[in-house]
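Coordinates as given in target.cif (mmCIF, C-alpha atoms and all ligand atoms):
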data_final
#
loop_
_atom_site.label_atom_id
_atom_site.label_comp_id
_atom_site.auth_asym_id
_atom_site.auth_seq_id
_atom_site.Cartn_x
_atom_site.Cartn_y
_atom_site.Cartn_z
CA MET A 89 1.72 16.46 16.54
CA SER A 90 0.26 13.78 18.77
CA PRO A 91 1.71 13.95 22.30
CA SER A 92 2.80 10.29 22.43
CA ARG A 93 4.99 8.49 19.91
CA PRO A 94 2.92 7.72 16.81
CA VAL A 95 2.80 4.73 14.53
CA LEU A 96 4.03 6.06 11.20
CA ILE A 97 2.18 4.73 8.15
CA PHE A 98 3.95 5.43 4.86
CA ASP A 99 3.05 5.36 1.18
CA SER A 100 3.88 7.35 -1.92
CA GLY A 101 0.35 8.74 -2.04
CA LEU A 102 -3.16 7.92 -0.91
CA GLY A 103 -2.90 4.11 -1.22
CA GLY A 104 -1.62 3.58 2.32
CA LEU A 105 -4.97 4.90 3.56
CA THR A 106 -6.37 1.43 2.76
CA VAL A 107 -4.03 0.15 5.48
CA LEU A 108 -4.55 3.12 7.81
CA ARG A 109 -8.31 2.53 7.96
CA GLU A 110 -7.75 -1.10 9.05
CA ALA A 111 -5.13 -0.04 11.59
CA ARG A 112 -7.50 2.58 12.98
CA TYR A 113 -10.22 -0.06 13.34
CA LEU A 114 -7.97 -2.52 15.21
CA LEU A 115 -6.06 0.10 17.20
CA PRO A 116 -8.55 2.90 17.87
CA TYR A 117 -6.41 4.64 20.51
CA GLU A 118 -3.05 4.43 18.83
CA PRO A 119 -1.81 7.81 17.55
CA LEU A 120 -1.08 7.48 13.83
CA LEU A 121 1.01 9.67 11.56
CA TYR A 122 0.32 9.20 7.87
CA VAL A 123 3.20 10.16 5.58
CA ALA A 124 2.89 10.32 1.79
CA ASP A 125 5.91 11.00 -0.38
CA ASP A 126 3.62 12.57 -2.94
CA ALA A 127 6.48 14.69 -4.32
CA ALA A 128 7.80 11.40 -5.76
CA PHE A 129 4.45 9.89 -6.80
CA PRO A 130 4.07 7.56 -8.65
CA ILE A 131 7.14 5.69 -7.42
CA GLY A 132 6.33 2.60 -9.47
CA ARG A 133 8.26 4.22 -12.35
CA TRP A 134 11.43 5.11 -10.43
CA GLN A 135 14.82 3.49 -10.98
CA GLU A 136 15.68 1.18 -8.09
CA GLY A 137 18.92 2.87 -6.94
CA GLU A 138 17.46 6.37 -6.89
CA LEU A 139 14.29 5.29 -5.13
CA ARG A 140 16.19 3.33 -2.48
CA SER A 141 18.38 6.29 -1.58
CA ARG A 142 15.42 8.66 -1.57
CA LEU A 143 13.57 6.40 0.87
CA LEU A 144 16.60 5.98 3.13
CA THR A 145 17.15 9.74 3.30
CA LEU A 146 13.48 10.46 3.92
CA PHE A 147 13.25 7.91 6.75
CA GLU A 148 16.41 9.26 8.38
CA GLU A 149 14.57 12.57 8.62
CA LEU A 150 11.15 11.15 9.61
CA ILE A 151 12.44 8.82 12.31
CA GLY A 152 14.62 11.59 13.75
CA ALA A 153 11.75 14.07 13.80
CA TYR A 154 8.85 11.88 14.99
CA GLN A 155 10.47 8.99 16.90
CA PRO A 156 7.73 6.57 15.80
CA LYS A 157 7.12 3.52 17.98
CA ALA A 158 6.63 1.49 14.79
CA VAL A 159 6.64 2.12 11.04
CA VAL A 160 4.26 0.53 8.54
CA ILE A 161 5.51 0.68 4.98
CA ALA A 162 2.07 0.52 3.38
CA CYS A 163 3.54 0.32 -0.08
CA ASN A 164 4.67 -2.75 -2.01
CA THR A 165 6.86 -0.73 -4.36
CA ALA A 166 8.84 0.81 -1.49
CA PHE A 167 9.01 -2.19 0.83
CA THR A 168 10.04 -4.82 -1.73
CA LEU A 169 12.91 -2.52 -2.66
CA ALA A 170 14.07 -0.91 0.56
CA GLY A 171 12.52 -2.86 3.46
CA GLU A 172 15.72 -4.67 4.30
CA ALA A 173 17.90 -1.55 4.07
CA LEU A 174 15.46 0.44 6.24
CA ARG A 175 15.46 -2.24 8.92
CA ALA A 176 19.25 -2.37 8.86
CA ALA A 177 19.52 1.42 9.12
CA HIS A 178 17.02 1.63 12.03
CA PRO A 179 17.44 -1.55 14.09
CA ASP A 180 15.51 -0.11 17.07
CA VAL A 181 12.38 0.68 15.07
CA PRO A 182 9.98 -2.17 14.28
CA PHE A 183 9.00 -2.10 10.61
CA VAL A 184 5.85 -3.75 9.29
CA GLY A 185 6.07 -4.32 5.56
CA THR A 186 3.78 -4.85 2.61
CA VAL A 187 4.61 -7.52 0.07
CA PRO A 188 2.48 -9.04 -2.70
CA ALA A 189 0.09 -11.58 -1.10
CA ILE A 190 1.41 -14.42 -3.26
CA LYS A 191 1.57 -16.98 -0.43
CA PRO A 192 -2.10 -16.68 0.60
CA ALA A 193 -3.14 -16.61 -3.06
CA ALA A 194 -1.24 -19.85 -3.72
CA GLU A 195 -2.93 -21.42 -0.68
CA GLN A 196 -6.42 -20.35 -1.72
CA THR A 197 -6.49 -20.88 -5.48
CA SER A 198 -8.55 -23.76 -6.87
CA SER A 199 -7.57 -23.38 -10.50
CA GLY A 200 -3.85 -22.85 -9.88
CA LEU A 201 -3.93 -19.70 -12.02
CA ILE A 202 -3.24 -16.51 -10.09
CA SER A 203 -2.39 -12.99 -11.20
CA VAL A 204 -0.47 -10.31 -9.38
CA LEU A 205 -1.55 -6.78 -10.27
CA ALA A 206 1.15 -4.29 -9.24
CA THR A 207 3.23 -1.29 -10.25
CA PRO A 208 5.96 -1.82 -12.87
CA GLY A 209 8.52 -1.53 -10.05
CA THR A 210 6.99 -4.28 -7.90
CA VAL A 211 6.67 -6.58 -10.92
CA ARG A 212 10.40 -6.15 -11.64
CA ARG A 213 11.61 -6.80 -8.09
CA THR A 214 13.78 -9.79 -7.21
CA TYR A 215 11.75 -9.89 -3.97
CA THR A 216 8.54 -10.60 -5.91
CA ARG A 217 10.21 -13.31 -8.00
CA SER A 218 11.52 -15.01 -4.88
CA LEU A 219 8.04 -14.98 -3.28
CA ILE A 220 6.79 -16.87 -6.33
CA ASP A 221 9.68 -19.36 -6.18
CA SER A 222 9.22 -19.93 -2.44
CA PHE A 223 5.44 -20.12 -2.16
CA ALA A 224 3.79 -20.53 -5.55
CA SER A 225 6.03 -22.75 -7.64
CA GLN A 226 3.10 -25.16 -8.13
CA CYS A 227 0.92 -22.35 -9.57
CA HIS A 228 0.91 -20.44 -12.80
CA VAL A 229 1.55 -16.87 -11.65
CA ARG A 230 1.06 -14.03 -14.08
CA LEU A 231 2.65 -10.70 -13.16
CA VAL A 232 0.71 -7.73 -14.52
CA GLY A 233 2.47 -4.36 -14.18
CA SER A 234 0.31 -1.26 -14.56
CA ASP A 235 1.80 2.12 -15.20
CA ALA A 236 -1.50 3.96 -14.75
CA LEU A 237 -3.60 2.37 -12.01
CA ALA A 238 -2.11 4.12 -8.96
CA GLU A 239 -2.87 7.51 -10.53
CA LEU A 240 -6.33 6.34 -11.63
CA ALA A 241 -7.03 5.16 -8.07
CA GLU A 242 -6.15 8.63 -6.76
CA LYS A 243 -8.42 10.29 -9.32
CA HIS A 244 -11.25 7.94 -8.37
CA LEU A 245 -10.75 8.64 -4.68
CA ARG A 246 -10.79 12.38 -5.32
CA GLY A 247 -14.14 12.02 -7.08
CA GLU A 248 -12.78 12.59 -10.59
CA MET A 249 -14.08 10.65 -13.58
CA VAL A 250 -12.30 7.37 -14.37
CA SER A 251 -13.85 5.32 -17.17
CA ASP A 252 -14.47 1.58 -17.24
CA GLU A 253 -12.44 1.44 -20.47
CA GLU A 254 -9.34 2.90 -18.80
CA LEU A 255 -9.61 0.44 -15.92
CA GLY A 256 -10.49 -2.48 -18.19
CA GLN A 257 -7.30 -2.01 -20.22
CA GLU A 258 -5.17 -2.14 -17.08
CA ILE A 259 -6.70 -5.32 -15.64
CA ALA A 260 -7.28 -7.26 -18.89
CA GLY A 261 -3.93 -9.05 -18.59
CA CYS A 262 -4.98 -10.60 -15.27
CA PHE A 263 -7.53 -12.92 -16.84
CA LEU A 264 -6.13 -16.12 -18.23
CA GLU A 265 -7.84 -19.26 -19.53
CA GLN A 266 -5.74 -22.37 -19.91
CA ASP A 267 -6.78 -26.00 -20.47
CA GLY A 268 -10.33 -25.30 -19.29
CA ARG A 269 -9.11 -23.48 -16.16
CA ARG A 270 -9.39 -19.81 -15.39
CA THR A 271 -7.62 -17.32 -13.15
CA ASP A 272 -9.51 -17.32 -9.85
CA ILE A 273 -7.42 -14.94 -7.69
CA VAL A 274 -5.97 -11.52 -8.44
CA VAL A 275 -3.55 -10.20 -5.84
CA LEU A 276 -3.89 -6.44 -5.35
CA ALA A 277 -0.17 -5.84 -4.93
CA CYS A 278 -0.33 -2.06 -4.73
CA THR A 279 -2.06 -0.45 -1.77
CA HIS A 280 -3.86 1.99 -4.07
CA TYR A 281 -5.81 -0.70 -5.87
CA PRO A 282 -8.31 -1.76 -3.17
CA PHE A 283 -9.94 1.66 -3.68
CA LEU A 284 -10.84 0.41 -7.17
CA ALA A 285 -11.82 -3.15 -6.20
CA ASN A 286 -15.56 -2.58 -6.61
CA ARG A 287 -15.00 -1.08 -10.04
CA PHE A 288 -12.83 -4.08 -10.97
CA ARG A 289 -15.57 -6.49 -9.80
CA LYS A 290 -18.06 -4.84 -12.14
CA ILE A 291 -15.91 -4.97 -15.26
CA ALA A 292 -14.11 -8.30 -14.74
CA PRO A 293 -14.81 -10.85 -17.50
CA TRP A 294 -15.58 -13.43 -14.76
CA PRO A 295 -15.69 -13.32 -10.96
CA VAL A 296 -12.38 -13.71 -9.12
CA ASP A 297 -11.20 -13.04 -5.56
CA TRP A 298 -9.38 -9.71 -5.36
CA LEU A 299 -6.89 -10.18 -2.52
CA ASP A 300 -6.39 -7.06 -0.40
CA PRO A 301 -3.66 -7.46 2.25
CA ALA A 302 -4.65 -4.39 4.33
CA GLU A 303 -6.27 -6.25 7.20
CA ALA A 304 -3.38 -8.74 7.46
CA ILE A 305 -0.92 -5.82 7.60
CA ALA A 306 -2.91 -4.15 10.38
CA ARG A 307 -3.00 -7.45 12.32
CA GLN A 308 0.77 -7.72 12.00
CA LEU A 309 1.02 -4.19 13.40
CA VAL A 310 -1.10 -5.24 16.39
CA ARG A 311 1.32 -8.13 17.04
CA VAL A 312 4.34 -5.85 16.77
CA LEU A 313 2.84 -3.39 19.26
CA GLU A 314 1.93 -6.05 21.81
CA ASN A 315 4.95 -5.38 24.01
CA LYS A 316 4.78 -1.62 23.67
CA GLU A 317 2.85 0.87 25.76
CA ALA A 318 -0.66 1.30 24.31
CA GLY A 319 -1.99 4.67 23.20
CA ALA A 320 -4.68 6.34 25.30
CA PRO A 321 -8.06 7.66 24.11
CA THR A 322 -7.73 11.28 22.89
CA GLU A 323 -10.01 13.78 21.22
CA THR A 324 -7.44 14.87 18.68
CA ARG A 325 -7.28 13.89 15.05
CA ASP A 326 -4.19 12.17 13.69
CA ASP A 327 -1.74 14.00 11.47
CA ALA A 328 -0.90 13.52 7.80
CA LEU A 329 2.21 14.88 6.16
CA PHE A 330 2.66 15.12 2.38
CA THR A 331 6.19 15.77 1.17
CA SER A 332 5.10 18.29 -1.49
CA ASN A 333 3.38 20.41 1.21
CA PRO A 334 0.23 20.70 -0.92
CA GLN A 335 -2.26 23.55 -0.46
CA ASP A 336 -5.33 21.59 -1.42
CA ARG A 337 -8.72 21.94 0.25
CA GLY A 338 -10.04 18.87 -1.56
CA LEU A 339 -7.20 16.79 -0.14
CA GLU A 340 -7.78 18.23 3.33
CA ARG A 341 -11.45 17.22 3.16
CA LEU A 342 -10.58 13.76 1.88
CA LEU A 343 -8.05 13.24 4.68
CA ALA A 344 -10.56 14.50 7.26
CA GLY A 345 -12.78 11.60 6.17
CA PHE A 346 -9.99 9.29 7.36
CA GLY A 347 -9.64 11.20 10.63
CA LEU A 348 -6.47 12.97 9.48
CA HIS A 349 -5.33 16.57 9.72
CA LEU A 350 -2.85 17.81 7.09
CA ILE A 351 0.31 19.30 8.63
CA LYS A 352 3.36 20.98 7.07
CA ARG A 353 6.68 19.24 6.79
N1 LIG B 401 0.90 2.33 -3.30
C1 LIG B 401 2.14 1.91 -3.83
C2 LIG B 401 2.31 0.38 -3.73
O1 LIG B 401 1.73 -0.28 -2.89
C3 LIG B 401 2.61 2.39 -5.19
C4 LIG B 401 2.05 3.58 -5.88
C5 LIG B 401 3.10 4.32 -6.75
O2 LIG B 401 3.42 3.89 -7.87
O3 LIG B 401 3.58 5.33 -6.25
O4 LIG B 401 3.08 -0.19 -4.47
#

Structure re-expressed in structure tokens:
Amino acid sequence: MSPSRPVLIFDSGLGGLTVLREARYLLPYEPLLYVADDAAFPIGRWQEGELRSRLLTLFEELIGAYQPKAVVIACNTAFTLAGEALRAAHPDVPFVGTVPAIKPAAEQTSSGLISVLATPGTVRRTYTRSLIDSFASQCHVRLVGSDALAELAEKHLRGEMVSDEELGQEIAGCFLEQDGRRTDIVVLACTHYPFLANRFRKIAPWPVDWLDPAEAIARQLVRVLENKEAGAPTETRDDALFTSNPQDRGLERLLAGFGLHLIKR
């Protein structure tokens, strides 16, 4: 464990690493603790009530054990469901959330056609619908739920074969043509998907902007930490905790590439 209070970055699996790498870049001296609830992965398929109580119980334990100075929920599926309840349960801990980047997409689109690529859970959320009503009512927003992409992103990241056909099927629904206009922005509303963005660019039927919110989330973390004591330069690697306690050399090597050392729960 890092000697000073870490910033805890949470996801169900490896997707939150897209946010961790931006946080590491902007906050090089801040001790980070990466937590993946991989025992529950993929959480995009979970029922809302069960997932909410699992997250609340897990965070009770994590916040008690690690006393983080801030928590980043680097997961749309978790934050759109339980963000409010987590903040209410831990009023002294600043939470930085991840929500589908519908507002920036609505501000940037030229065609007015935007798609939101997310897990089935995020697509179903009231939170997502209200983002559309509040910020994108003038746009045509297509919600595309994928049951497979988070797992495919993990395979890709682990160096396993993922075919263009498999990916193409999952993103096909994002591309819409209407009255001579075409979708011009696809919101990557699952933190796993930026790992596949270059693959998506190659197979897309036409070029679009793939909106990755990771940098904006890291910038929000910087703002939240402004009044807190800064971390100091250390030689140590940051820790990563996976709830299934995996014995996996491949995973250890992958995490080492992100400056992380796998610890036991
Ligand atoms: N990375 C998560 C997100 O941003 C979801 C992956 C999963 O289904 O577990 O929504």

**OP:** Would you mind telling me which residue in A:Glu149, A:Asp125, A:Asp272, A:Glu118 lies nearest to ligand LIG 401 (chain B) when using all atoms listed in the file?
**Re:** A:Asp125

**OP:** Set the cut-off to 7 Å, count all atoms listed in the file, and list whatever residues fall near ligand LIG 401 (chain B) as a list in words.
**Re:**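 Counting all atoms listed in the file, the residues within 7 Å of ligand LIG 401 (chain B) come out as Asp99, Ser100, Gly101, Gly103, Gly104, Phe129, Pro130, Ile131, Gly132, Arg133, Ala162, Cys163, Asn164, Thr165, Ala166, Ala206, Thr207, Thr210, Ala238, Ala277, Cys278, Thr279 and His280 of chain A.
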
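Going from CA of Phe288 in chain A to CA of Ala302 in chain A covers 17.4 Å.
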
Subject >> Selection near Glu303 in chain A, 8 Å with all atoms listed in the file, sequence-local residues under 4 positions removed, as a VMD selection string >> reply: chain A and resid 107 110 to 111 307

**OP:** Determine the nearest neighbour of Ala236 in chain A from the options A:Glu258, A:Asp336, A:Glu317, A:Glu138, counting all atoms listed in the file.
**Re:** A:Glu258

**OP:** Find the distance between CA of Ala224 in chain A and CA of Val204 in chain A and write it in Å to one decimal.
**Re:**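 Separating CA of Ala224 in chain A from CA of Val204 in chain A is a distance of 11.7 Å.
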
Padding 5 Å on each side, edges along x, y and z: where is the centre of the box around the listed atoms of range 332-347 of chain A, and how long are its edges in Å to one decimal? Output it as AutoDock Vina command-line options.
--center_x -3.8 --center_y 16.4 --center_z 4.5 --size_x 27.9 --size_y 24.3 --size_z 22.2

**OP:** Do a neighbour search on Phe147 in chain A at 12 Å with all atoms listed in the file, toss out local chain neighbours closer than 3 positions, and write the hits as a PyMOL selection string.
**Re:** chain A and resi 96-99+123-125+140-144+150-156+159-161+166+170-171+173-175+177-178+181+183+331

Original post:
So which one's closest to Ala194 in chain A, A:Gly233, A:Pro293, A:Cys227, A:Gly347? Using only C-alpha atoms, please.
Top reply: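 Closest to Ala194 in chain A, using only C-alpha atoms: A:Cys227.
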
Original post:
Which residue out of A:Ser332, A:Val95, A:Leu284, A:Ser222 has the minimum interatomic distance to Glu239 in chain A when all atoms listed in the file are used?
Top reply: A:Leu284

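Candidate residues A:Asp235, A:Asp267, A:Asp297, A:Asp326 were compared for distance to Arg93 in chain A, and the nearest is A:Asp326, using all atoms listed in the file.
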
**OP:** Within 12 Å of Arg341 in chain A, counting all atoms listed in the file, which residues show up once you throw out same-chain ones fewer than 4 positions away? Write them as a ChimeraX atom specification, please.
**Re:** /A:245-247,335-337,345-350

Original post:
Pick the closest to Glu265 in chain A from A:Leu139, A:Leu342, A:Ala128, A:Leu201: which is it, counting all atoms listed in the file?
Top reply: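 Smallest separation from Glu265 in chain A among the options: A:Leu201.
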
Subject >> Separation of CA of Val250 in chain A from CA of Pro295 in chain A in Å >> reply: 21.2 Å

Could you rebuild range 141-152 of chain A with all heavy atoms and give it back as a PDB file, keeping the file's coordinate frame?
ATOM      1  N   SER A 141      17.715   5.237  -2.365  1.00  0.00           N
ATOM      2  CA  SER A 141      18.380   6.290  -1.580  1.00  0.00           C
ATOM      3  C   SER A 141      17.414   7.390  -1.171  1.00  0.00           C
ATOM      4  O   SER A 141      17.539   7.928  -0.065  1.00  0.00           O
ATOM      5  CB  SER A 141      19.626   6.866  -2.253  1.00  0.00           C
ATOM      6  OG  SER A 141      19.498   6.887  -3.599  1.00  0.00           O
ATOM      7  N   ARG A 142      16.423   7.667  -1.987  1.00  0.00           N
ATOM      8  CA  ARG A 142      15.420   8.660  -1.570  1.00  0.00           C
ATOM      9  C   ARG A 142      14.698   8.192  -0.298  1.00  0.00           C
ATOM     10  O   ARG A 142      14.506   8.955   0.650  1.00  0.00           O
ATOM     11  CB  ARG A 142      14.406   8.878  -2.694  1.00  0.00           C
ATOM     12  CG  ARG A 142      13.347   9.899  -2.328  1.00  0.00           C
ATOM     13  CD  ARG A 142      12.375  10.153  -3.457  1.00  0.00           C
ATOM     14  NE  ARG A 142      11.331  11.055  -3.008  1.00  0.00           N
ATOM     15  CZ  ARG A 142      11.353  12.369  -3.170  1.00  0.00           C
ATOM     16  NH1 ARG A 142      12.358  12.941  -3.782  1.00  0.00           N
ATOM     17  NH2 ARG A 142      10.370  13.133  -2.716  1.00  0.00           N
ATOM     18  N   LEU A 143      14.316   6.918  -0.290  1.00  0.00           N
ATOM     19  CA  LEU A 143      13.570   6.400   0.870  1.00  0.00           C
ATOM     20  C   LEU A 143      14.444   6.397   2.119  1.00  0.00           C
ATOM     21  O   LEU A 143      13.996   6.772   3.208  1.00  0.00           O
ATOM     22  CB  LEU A 143      13.069   4.977   0.566  1.00  0.00           C
ATOM     23  CG  LEU A 143      11.936   4.904  -0.471  1.00  0.00           C
ATOM     24  CD1 LEU A 143      11.752   3.464  -0.979  1.00  0.00           C
ATOM     25  CD2 LEU A 143      10.625   5.423   0.102  1.00  0.00           C
ATOM     26  N   LEU A 144      15.716   6.010   1.960  1.00  0.00           N
ATOM     27  CA  LEU A 144      16.600   5.980   3.130  1.00  0.00           C
ATOM     28  C   LEU A 144      16.798   7.380   3.703  1.00  0.00           C
ATOM     29  O   LEU A 144      16.763   7.584   4.909  1.00  0.00           O
ATOM     30  CB  LEU A 144      17.940   5.333   2.757  1.00  0.00           C
ATOM     31  CG  LEU A 144      17.873   3.805   2.604  1.00  0.00           C
ATOM     32  CD1 LEU A 144      19.140   3.250   1.956  1.00  0.00           C
ATOM     33  CD2 LEU A 144      17.634   3.120   3.952  1.00  0.00           C
ATOM     34  N   THR A 145      16.969   8.352   2.838  1.00  0.00           N
ATOM     35  CA  THR A 145      17.150   9.740   3.300  1.00  0.00           C
ATOM     36  C   THR A 145      15.886  10.247   3.981  1.00  0.00           C
ATOM     37  O   THR A 145      15.925  10.847   5.062  1.00  0.00           O
ATOM     38  CB  THR A 145      17.499  10.667   2.105  1.00  0.00           C
ATOM     39  OG1 THR A 145      18.587  10.088   1.411  1.00  0.00           O
ATOM     40  CG2 THR A 145      17.841  12.062   2.546  1.00  0.00           C
ATOM     41  N   LEU A 146      14.749   9.985   3.361  1.00  0.00           N
ATOM     42  CA  LEU A 146      13.480  10.460   3.920  1.00  0.00           C
ATOM     43  C   LEU A 146      13.240   9.852   5.309  1.00  0.00           C
ATOM     44  O   LEU A 146      12.839  10.548   6.249  1.00  0.00           O
ATOM     45  CB  LEU A 146      12.333  10.104   2.957  1.00  0.00           C
ATOM     46  CG  LEU A 146      10.928  10.490   3.385  1.00  0.00           C
ATOM     47  CD1 LEU A 146      10.790  12.008   3.529  1.00  0.00           C
ATOM     48  CD2 LEU A 146       9.892   9.988   2.359  1.00  0.00           C
ATOM     49  N   PHE A 147      13.506   8.554   5.455  1.00  0.00           N
ATOM     50  CA  PHE A 147      13.250   7.910   6.750  1.00  0.00           C
ATOM     51  C   PHE A 147      14.241   8.328   7.826  1.00  0.00           C
ATOM     52  O   PHE A 147      13.904   8.357   9.009  1.00  0.00           O
ATOM     53  CB  PHE A 147      13.159   6.379   6.600  1.00  0.00           C
ATOM     54  CG  PHE A 147      11.748   5.978   6.282  1.00  0.00           C
ATOM     55  CD1 PHE A 147      11.339   5.827   4.968  1.00  0.00           C
ATOM     56  CD2 PHE A 147      10.811   5.844   7.288  1.00  0.00           C
ATOM     57  CE1 PHE A 147      10.020   5.519   4.680  1.00  0.00           C
ATOM     58  CE2 PHE A 147       9.491   5.540   7.008  1.00  0.00           C
ATOM     59  CZ  PHE A 147       9.096   5.366   5.692  1.00  0.00           C
ATOM     60  N   GLU A 148      15.441   8.682   7.430  1.00  0.00           N
ATOM     61  CA  GLU A 148      16.410   9.260   8.380  1.00  0.00           C
ATOM     62  C   GLU A 148      15.756  10.489   9.015  1.00  0.00           C
ATOM     63  O   GLU A 148      15.757  10.665  10.228  1.00  0.00           O
ATOM     64  CB  GLU A 148      17.644   9.668   7.550  1.00  0.00           C
ATOM     65  CG  GLU A 148      18.959   9.739   8.246  1.00  0.00           C
ATOM     66  CD  GLU A 148      19.338   8.488   8.996  1.00  0.00           C
ATOM     67  OE1 GLU A 148      19.365   7.393   8.390  1.00  0.00           O
ATOM     68  OE2 GLU A 148      19.594   8.620  10.207  1.00  0.00           O
ATOM     69  N   GLU A 149      15.192  11.332   8.165  1.00  0.00           N
ATOM     70  CA  GLU A 149      14.570  12.570   8.620  1.00  0.00           C
ATOM     71  C   GLU A 149      13.305  12.284   9.462  1.00  0.00           C
ATOM     72  O   GLU A 149      13.126  12.820  10.554  1.00  0.00           O
ATOM     73  CB  GLU A 149      14.192  13.401   7.384  1.00  0.00           C
ATOM     74  CG  GLU A 149      13.593  14.757   7.683  1.00  0.00           C
ATOM     75  CD  GLU A 149      12.980  15.382   6.422  1.00  0.00           C
ATOM     76  OE1 GLU A 149      13.601  15.298   5.333  1.00  0.00           O
ATOM     77  OE2 GLU A 149      11.891  15.943   6.523  1.00  0.00           O
ATOM     78  N   LEU A 150      12.439  11.400   8.940  1.00  0.00           N
ATOM     79  CA  LEU A 150      11.150  11.150   9.610  1.00  0.00           C
ATOM     80  C   LEU A 150      11.337  10.496  10.979  1.00  0.00           C
ATOM     81  O   LEU A 150      10.691  10.882  11.949  1.00  0.00           O
ATOM     82  CB  LEU A 150      10.277  10.231   8.742  1.00  0.00           C
ATOM     83  CG  LEU A 150       9.747  10.828   7.435  1.00  0.00           C
ATOM     84  CD1 LEU A 150       9.100   9.719   6.584  1.00  0.00           C
ATOM     85  CD2 LEU A 150       8.722  11.927   7.724  1.00  0.00           C
ATOM     86  N   ILE A 151      12.248   9.532  11.035  1.00  0.00           N
ATOM     87  CA  ILE A 151      12.440   8.820  12.310  1.00  0.00           C
ATOM     88  C   ILE A 151      13.091   9.749  13.327  1.00  0.00           C
ATOM     89  O   ILE A 151      12.726   9.776  14.497  1.00  0.00           O
ATOM     90  CB  ILE A 151      13.218   7.507  12.075  1.00  0.00           C
ATOM     91  CG1 ILE A 151      12.296   6.525  11.339  1.00  0.00           C
ATOM     92  CG2 ILE A 151      13.732   6.907  13.394  1.00  0.00           C
ATOM     93  CD1 ILE A 151      12.932   5.242  10.863  1.00  0.00           C
ATOM     94  N   GLY A 152      14.014  10.591  12.857  1.00  0.00           N
ATOM     95  CA  GLY A 152      14.620  11.590  13.750  1.00  0.00           C
ATOM     96  C   GLY A 152      13.577  12.564  14.266  1.00  0.00           C
ATOM     97  O   GLY A 152      13.542  12.897  15.457  1.00  0.00           O
TER      98      GLY A 152
END
